[in-house]
Amino acid sequence: MSFVASLRTALRALRKNKLRSLLAMLGIVIAVAAVMATVSIGQGAQAKVAQQMESLGANLLMVLPGSIAMHGVATGSGATQNLTRDDATAIERELSTSVAAVAPINRTGAQVVYGDQNWFTQVQGSTAAYLQVRNWPLAQGEAFGREEDASAAKVCLLGKTVVDKLFVPGAPVLGEQIRVKHVPCKVVGILATKGQSFGGQDQDDVIVMPWSTVVRRLIGSQADTVGQMMISARSSDQVSDAEREITSLLRQRHRLSELAEPDFQIRNLAEMQDAAKQSTETIATLLEAVAAISLIVGGIGIANVMLVSVTERTREIGIRMAVGGRSRDILFQFLTEAVLLATVGGGIGLELGIGVSKWMAARGDWPTLLSPPVMFGTMLAAGFAGVVAGFYPALRASRLDPIDALRFE
Amino acid sequence: MGPSEPPVVETRDLEKIYRMGDVEVRALRGVSLTIAGGDFVAVMGASGSGKSTFMNLVGCLDRPTRGNYLLNGRDVGKLSRDQLARVRGRQIGFVFQGFNLLPRTNALENVELPLLYQGIASRDRHRRAAEALERVGLGDRLDHTPAQLSGGQQQRVAIARALVNKPTLLLADEPTGNLDSRTSVEVMGIFQELNEQGLTVLLVTHESDIAEHARRLVTFKDGLLLSDVSPSRRRLAREELRERSA
């Protein structure tokens with residue numbers, strides 16, 4: 001029997017038992033939909049985590065003041081003020097082979113006022129390097145430079161949220177004077193939208209100003225202490241080198257003995273990124289395992305229905321054999337039916353899976369990643385499940401004795 | 001059929017032994033029978049006489065334990081399963097008591113079935129199946145399923161299916177067993193007509209008035225041939241039908 005003819009025969013047989021065929025397919029439909037959805041959700045979530053990590057900054061190291069123990073009582077991290085502008089300058093100057101940029105940061109909360117609008121936001125005081133380490137371009141205007149920092153110039157860069165809160169849509173923003181606490185500031189730039197951070201904070205609810213403007217004018221301190229430093233390594237390979245070099249440089253500058261606990265701490269965001277990636281990968285692997293199991297269960301469903309079908313159609317098999325059907329024709333016919341069930345079920349499942357993953361992506365605000373290799377692989381797996389599931393029932397059918405089969409009631 | 005043509009069926013000391021556990025059942029105990037081309041033979045006998053076993057062997061559905069079976073001069077007793085299937089598909093047409101049509105499948109597709117296994121293209125299949133149905137008077141019922149047809153019509157579809165591959169031998173196993181007497185005569189009429197056109201027919205029946213439509217009566221008993229005679233008065237379906245309607 002030709003391939004087309006047996007395909008048509010199989011289709012006809014399946015159509016005669018629509019409900020049963022549908023139920024037989026259901027397992028595979030669910031399995032394939034699960035594979036599609038889980039894989040693309042997993043990939044989408046991974047991409048989102050990577051994107052969020054990226055939005056923190058490229059190859060980022062954070063240096064925070066450490067804990068010191070006073071008379072045996074630990075102060076907890078960040079309680080000391082032992083990082084200075086000089087430390088930042090030294091790192092930038094001496095470690096230029098591995099470090100691309102160093103941004104000393106001091107922050108404070110401040111009420112900002114423009115016209116009859118006001119808003120409370122976070123003010124980041126830093127240098128021009130801040131935008132570089134945070135990988136944060138400007139949407140409009142220009143960043144401030146060294147001179148503005150040196151002279152504690154009254155300039156600021158506004159985050160998108162602050163712009164929305166203070167200005168009516170469409171109104172000019174650049175060049176306007178806003179009041180930050182009691183200090184009038186000229187808006188020189190608007191930051192590009194960054195969206196939510198990994199922790200769910202609005203990263204655009206922020207004002208960036210020169211470090212000295214924030215420290216000297218807003219906080220009113222003459223000290224040189226730095227709240228934290230964000231440092232970007234030259235490349236992802238150099239992050240750990242930079243971390244080691246910064247550690248030794250700061251220990252040396254802070255005159256710590258070999259055995260002393262460091263009075264600062266360095267957080268490696270690349271490591272956090274890896275950890276986050278690993279956990280999403282673990283989840284993805286788990287989901288894939290579940291999907292694979294459901295594919296097996298789907299295959300068992302098809303095998304079950306095919307076995308019932310062979311018994312029920314024993315007489316038909318006898319007739320087919322009597323009129324010239326060879327064993328392999330019968331084998332092929334039932335195998336074709338099983339594979340057809342699996343692939344049609346797979347097709348429906350594919351559609352369903354794509355739908356579900358698009359829906360999930362829309363809800364979770366991550367990109368829908370539908371890779372053709374995954375689709376192709378899943379369909380192949382479904383077809384393979386059909387072959388495996390259909391083989392034994394088909395073999396049984398093909399081995400029937402034509403005389404017994406014809407007499408079967 | 002010229003004298004040089006081999007007989008359609010020739011069996012020599014055909015034996016068939018079934019083994020059921022430790023018990024051997026000798027269903028056929030050496031049957032030699034020759035059926036020439038164009039003959040119409042009715043096989044009779046009580047149940048257990050071996051006639052069904054003989055029919056299965058002649059129909060290439062089974063292989064003999066001992067002895068030879070030559071179909072159109074070719075020894076088919078030692079062929080493999082698949083080779084037998086090929087012989088069935090090309091040289092033999094079957095008609096069964098229970099019609100054995102595929103359910104929920106229309107007449108045309110049922111008749112096409114043997115051609116499907118010969119790899120004939122679909123347009124040829126349709127044409128030949130329609131012709132065969134035409135021949136048994138069902139040209140206007142091509143798209144009817146068995147459930148939409150009467151018993152007699154179903155048996156005609158089965159006959160069309162048996163004819164569609166242009167067999168050299170038509171085997172009919174109790175073809176009238178499920179039919180009323182008038183329809184039985186009609187079906188026998190079709191067989192007689194086909195036989196007059198040269199087709200060799202082997203009919204298995206336990207009803208003597210049906211068997212009398214054949215040219216030759218063969219009786220089985222206990223796995224052996226008991227008698228091989230011509231009917232004293234051959235029935236002709238055409239005349240019977242005329243009498244009935246008169």
# chains A, B, ... in the order shown; residues from 1 in each chain; ligands from 1
$ select_by_dssp --residues "range 103-310 of chain A" --states "strand (DSSP E or B)" --output "PyMOL selection string"
chain A and resi 103-114+117-126+138-141+155-158+177-180+183-191+196+202+206-210+225+228-233+264-268
$ select_by_dssp --residues "range 43-192 of chain A" --states "alpha helix (DSSP H)" --output "CSV table (one decimal) with C-alpha atoms, in the first residue's frame"
chain,number,residue,atom,x,y,z
A,43,GLN,CA,13.8,31.0,28.6
A,44,GLY,CA,11.7,34.1,28.9
A,45,ALA,CA,12.3,34.3,32.7
A,46,GLN,CA,16.0,33.7,32.2
A,47,ALA,CA,16.1,36.5,29.6
A,48,LYS,CA,14.2,38.8,32.0
A,49,VAL,CA,16.6,38.0,34.9
A,50,ALA,CA,19.5,38.7,32.6
A,51,GLN,CA,18.0,41.9,31.5
A,52,GLN,CA,17.3,43.1,35.0
A,53,MET,CA,20.8,42.2,36.0
A,54,GLU,CA,22.1,44.0,33.0
A,55,SER,CA,20.1,47.1,34.1
A,56,LEU,CA,22.0,47.3,37.3
A,85,ARG,CA,36.7,59.9,47.7
A,86,ASP,CA,40.4,59.3,47.8
A,87,ASP,CA,39.8,55.6,47.9
A,88,ALA,CA,37.7,56.0,44.8
A,89,THR,CA,40.3,58.1,43.0
A,90,ALA,CA,43.1,55.7,44.0
A,91,ILE,CA,41.2,52.7,42.6
A,92,GLU,CA,40.5,54.6,39.4
A,93,ARG,CA,44.1,55.7,39.0
A,94,GLU,CA,46.0,52.6,40.1
A,129,ALA,CA,31.2,57.7,35.9
A,130,TYR,CA,27.9,56.8,37.5
A,131,LEU,CA,26.1,56.6,34.2
A,132,GLN,CA,28.9,54.6,32.8
A,133,VAL,CA,28.9,51.9,35.5
A,146,ARG,CA,34.3,66.9,36.4
A,147,GLU,CA,34.0,70.6,36.7
A,148,GLU,CA,30.4,70.5,37.9
A,149,ASP,CA,31.5,68.0,40.5
A,150,ALA,CA,34.5,70.1,41.6
A,160,LYS,CA,11.6,59.5,34.0
A,161,THR,CA,9.2,59.1,37.0
A,162,VAL,CA,10.4,62.4,38.5
A,163,VAL,CA,9.8,64.1,35.2
A,164,ASP,CA,6.3,62.7,35.0
A,165,LYS,CA,5.5,63.8,38.6
A,166,LEU,CA,6.8,67.4,38.2
$ closest_residue --among "A:Ala405, A:Ala322, A:Ala37, A:Leu335" --to "chain B" --atoms "only C-alpha atoms"
A:Ala322
$ closest_residue --among "B:Thr53, B:Thr205, B:Gln154, B:Asn72" --to "chain A" --atoms "only C-alpha atoms"
B:Thr53
$ residues_around --residues "range 231-239 of chain B" --least-positions-apart "3" --cutoff "9 Å" --atoms "only C-alpha atoms" --output "VMD selection string"
chain B and resid 185 to 190 192 209 to 217 242 to 244
$ write_last_selection --atoms "N, CA and C atoms" --output "PDB file, in the first residue's frame"
ATOM      1  N   VAL B 185     -31.504 -16.795  -3.794  1.00  0.00           N
ATOM      2  CA  VAL B 185     -31.566 -17.190  -5.201  1.00  0.00           C
ATOM      3  C   VAL B 185     -30.973 -16.095  -6.084  1.00  0.00           C
ATOM      4  N   GLU B 186     -31.253 -14.854  -5.723  1.00  0.00           N
ATOM      5  CA  GLU B 186     -30.679 -13.737  -6.506  1.00  0.00           C
ATOM      6  C   GLU B 186     -29.156 -13.776  -6.482  1.00  0.00           C
ATOM      7  N   VAL B 187     -28.604 -14.020  -5.277  1.00  0.00           N
ATOM      8  CA  VAL B 187     -27.145 -14.075  -5.155  1.00  0.00           C
ATOM      9  C   VAL B 187     -26.596 -15.257  -5.956  1.00  0.00           C
ATOM     10  N   MET B 188     -27.300 -16.407  -5.885  1.00  0.00           N
ATOM     11  CA  MET B 188     -26.838 -17.553  -6.676  1.00  0.00           C
ATOM     12  C   MET B 188     -26.900 -17.224  -8.163  1.00  0.00           C
ATOM     13  N   GLY B 189     -27.903 -16.415  -8.541  1.00  0.00           N
ATOM     14  CA  GLY B 189     -28.017 -15.965  -9.927  1.00  0.00           C
ATOM     15  C   GLY B 189     -26.779 -15.192 -10.360  1.00  0.00           C
ATOM     16  N   ILE B 190     -26.301 -14.346  -9.473  1.00  0.00           N
ATOM     17  CA  ILE B 190     -25.086 -13.583  -9.807  1.00  0.00           C
ATOM     18  C   ILE B 190     -23.909 -14.535 -10.005  1.00  0.00           C
ATOM     19  N   GLN B 192     -24.008 -17.661 -10.895  1.00  0.00           N
ATOM     20  CA  GLN B 192     -24.167 -18.425 -12.142  1.00  0.00           C
ATOM     21  C   GLN B 192     -23.807 -17.568 -13.351  1.00  0.00           C
ATOM     22  N   ASP B 209     -30.350 -27.246  -1.545  1.00  0.00           N
ATOM     23  CA  ASP B 209     -30.984 -26.541  -2.666  1.00  0.00           C
ATOM     24  C   ASP B 209     -30.115 -25.389  -3.178  1.00  0.00           C
ATOM     25  N   ILE B 210     -29.255 -24.855  -2.305  1.00  0.00           N
ATOM     26  CA  ILE B 210     -28.298 -23.843  -2.765  1.00  0.00           C
ATOM     27  C   ILE B 210     -27.190 -24.519  -3.560  1.00  0.00           C
ATOM     28  N   ALA B 211     -26.727 -25.662  -3.036  1.00  0.00           N
ATOM     29  CA  ALA B 211     -25.640 -26.385  -3.693  1.00  0.00           C
ATOM     30  C   ALA B 211     -26.032 -26.813  -5.107  1.00  0.00           C
ATOM     31  N   GLU B 212     -27.315 -27.054  -5.307  1.00  0.00           N
ATOM     32  CA  GLU B 212     -27.759 -27.536  -6.627  1.00  0.00           C
ATOM     33  C   GLU B 212     -27.654 -26.486  -7.730  1.00  0.00           C
ATOM     34  N   HIS B 213     -27.251 -25.277  -7.366  1.00  0.00           N
ATOM     35  CA  HIS B 213     -26.992 -24.279  -8.403  1.00  0.00           C
ATOM     36  C   HIS B 213     -25.652 -24.501  -9.069  1.00  0.00           C
ATOM     37  N   ALA B 214     -24.815 -25.341  -8.445  1.00  0.00           N
ATOM     38  CA  ALA B 214     -23.478 -25.591  -8.993  1.00  0.00           C
ATOM     39  C   ALA B 214     -23.548 -26.648 -10.089  1.00  0.00           C
ATOM     40  N   ARG B 215     -22.423 -26.793 -10.818  1.00  0.00           N
ATOM     41  CA  ARG B 215     -22.347 -27.810 -11.859  1.00  0.00           C
ATOM     42  C   ARG B 215     -21.914 -29.138 -11.254  1.00  0.00           C
ATOM     43  N   ARG B 216     -21.291 -29.038 -10.063  1.00  0.00           N
ATOM     44  CA  ARG B 216     -20.655 -30.232  -9.504  1.00  0.00           C
ATOM     45  C   ARG B 216     -20.821 -30.181  -7.989  1.00  0.00           C
ATOM     46  N   LEU B 217     -21.177 -31.322  -7.391  1.00  0.00           N
ATOM     47  CA  LEU B 217     -21.392 -31.387  -5.943  1.00  0.00           C
ATOM     48  C   LEU B 217     -20.328 -32.271  -5.318  1.00  0.00           C
ATOM     49  N   ARG B 242     -38.114 -16.326 -12.221  1.00  0.00           N
ATOM     50  CA  ARG B 242     -39.247 -16.122 -13.124  1.00  0.00           C
ATOM     51  C   ARG B 242     -40.488 -16.827 -12.560  1.00  0.00           C
ATOM     52  N   GLU B 243     -40.286 -18.064 -12.051  1.00  0.00           N
ATOM     53  CA  GLU B 243     -41.406 -18.821 -11.465  1.00  0.00           C
ATOM     54  C   GLU B 243     -41.986 -18.093 -10.259  1.00  0.00           C
ATOM     55  N   ARG B 244     -41.090 -17.591  -9.429  1.00  0.00           N
ATOM     56  CA  ARG B 244     -41.546 -16.903  -8.213  1.00  0.00           C
ATOM     57  C   ARG B 244     -42.404 -15.681  -8.553  1.00  0.00           C
TER      58      ARG B 244
END
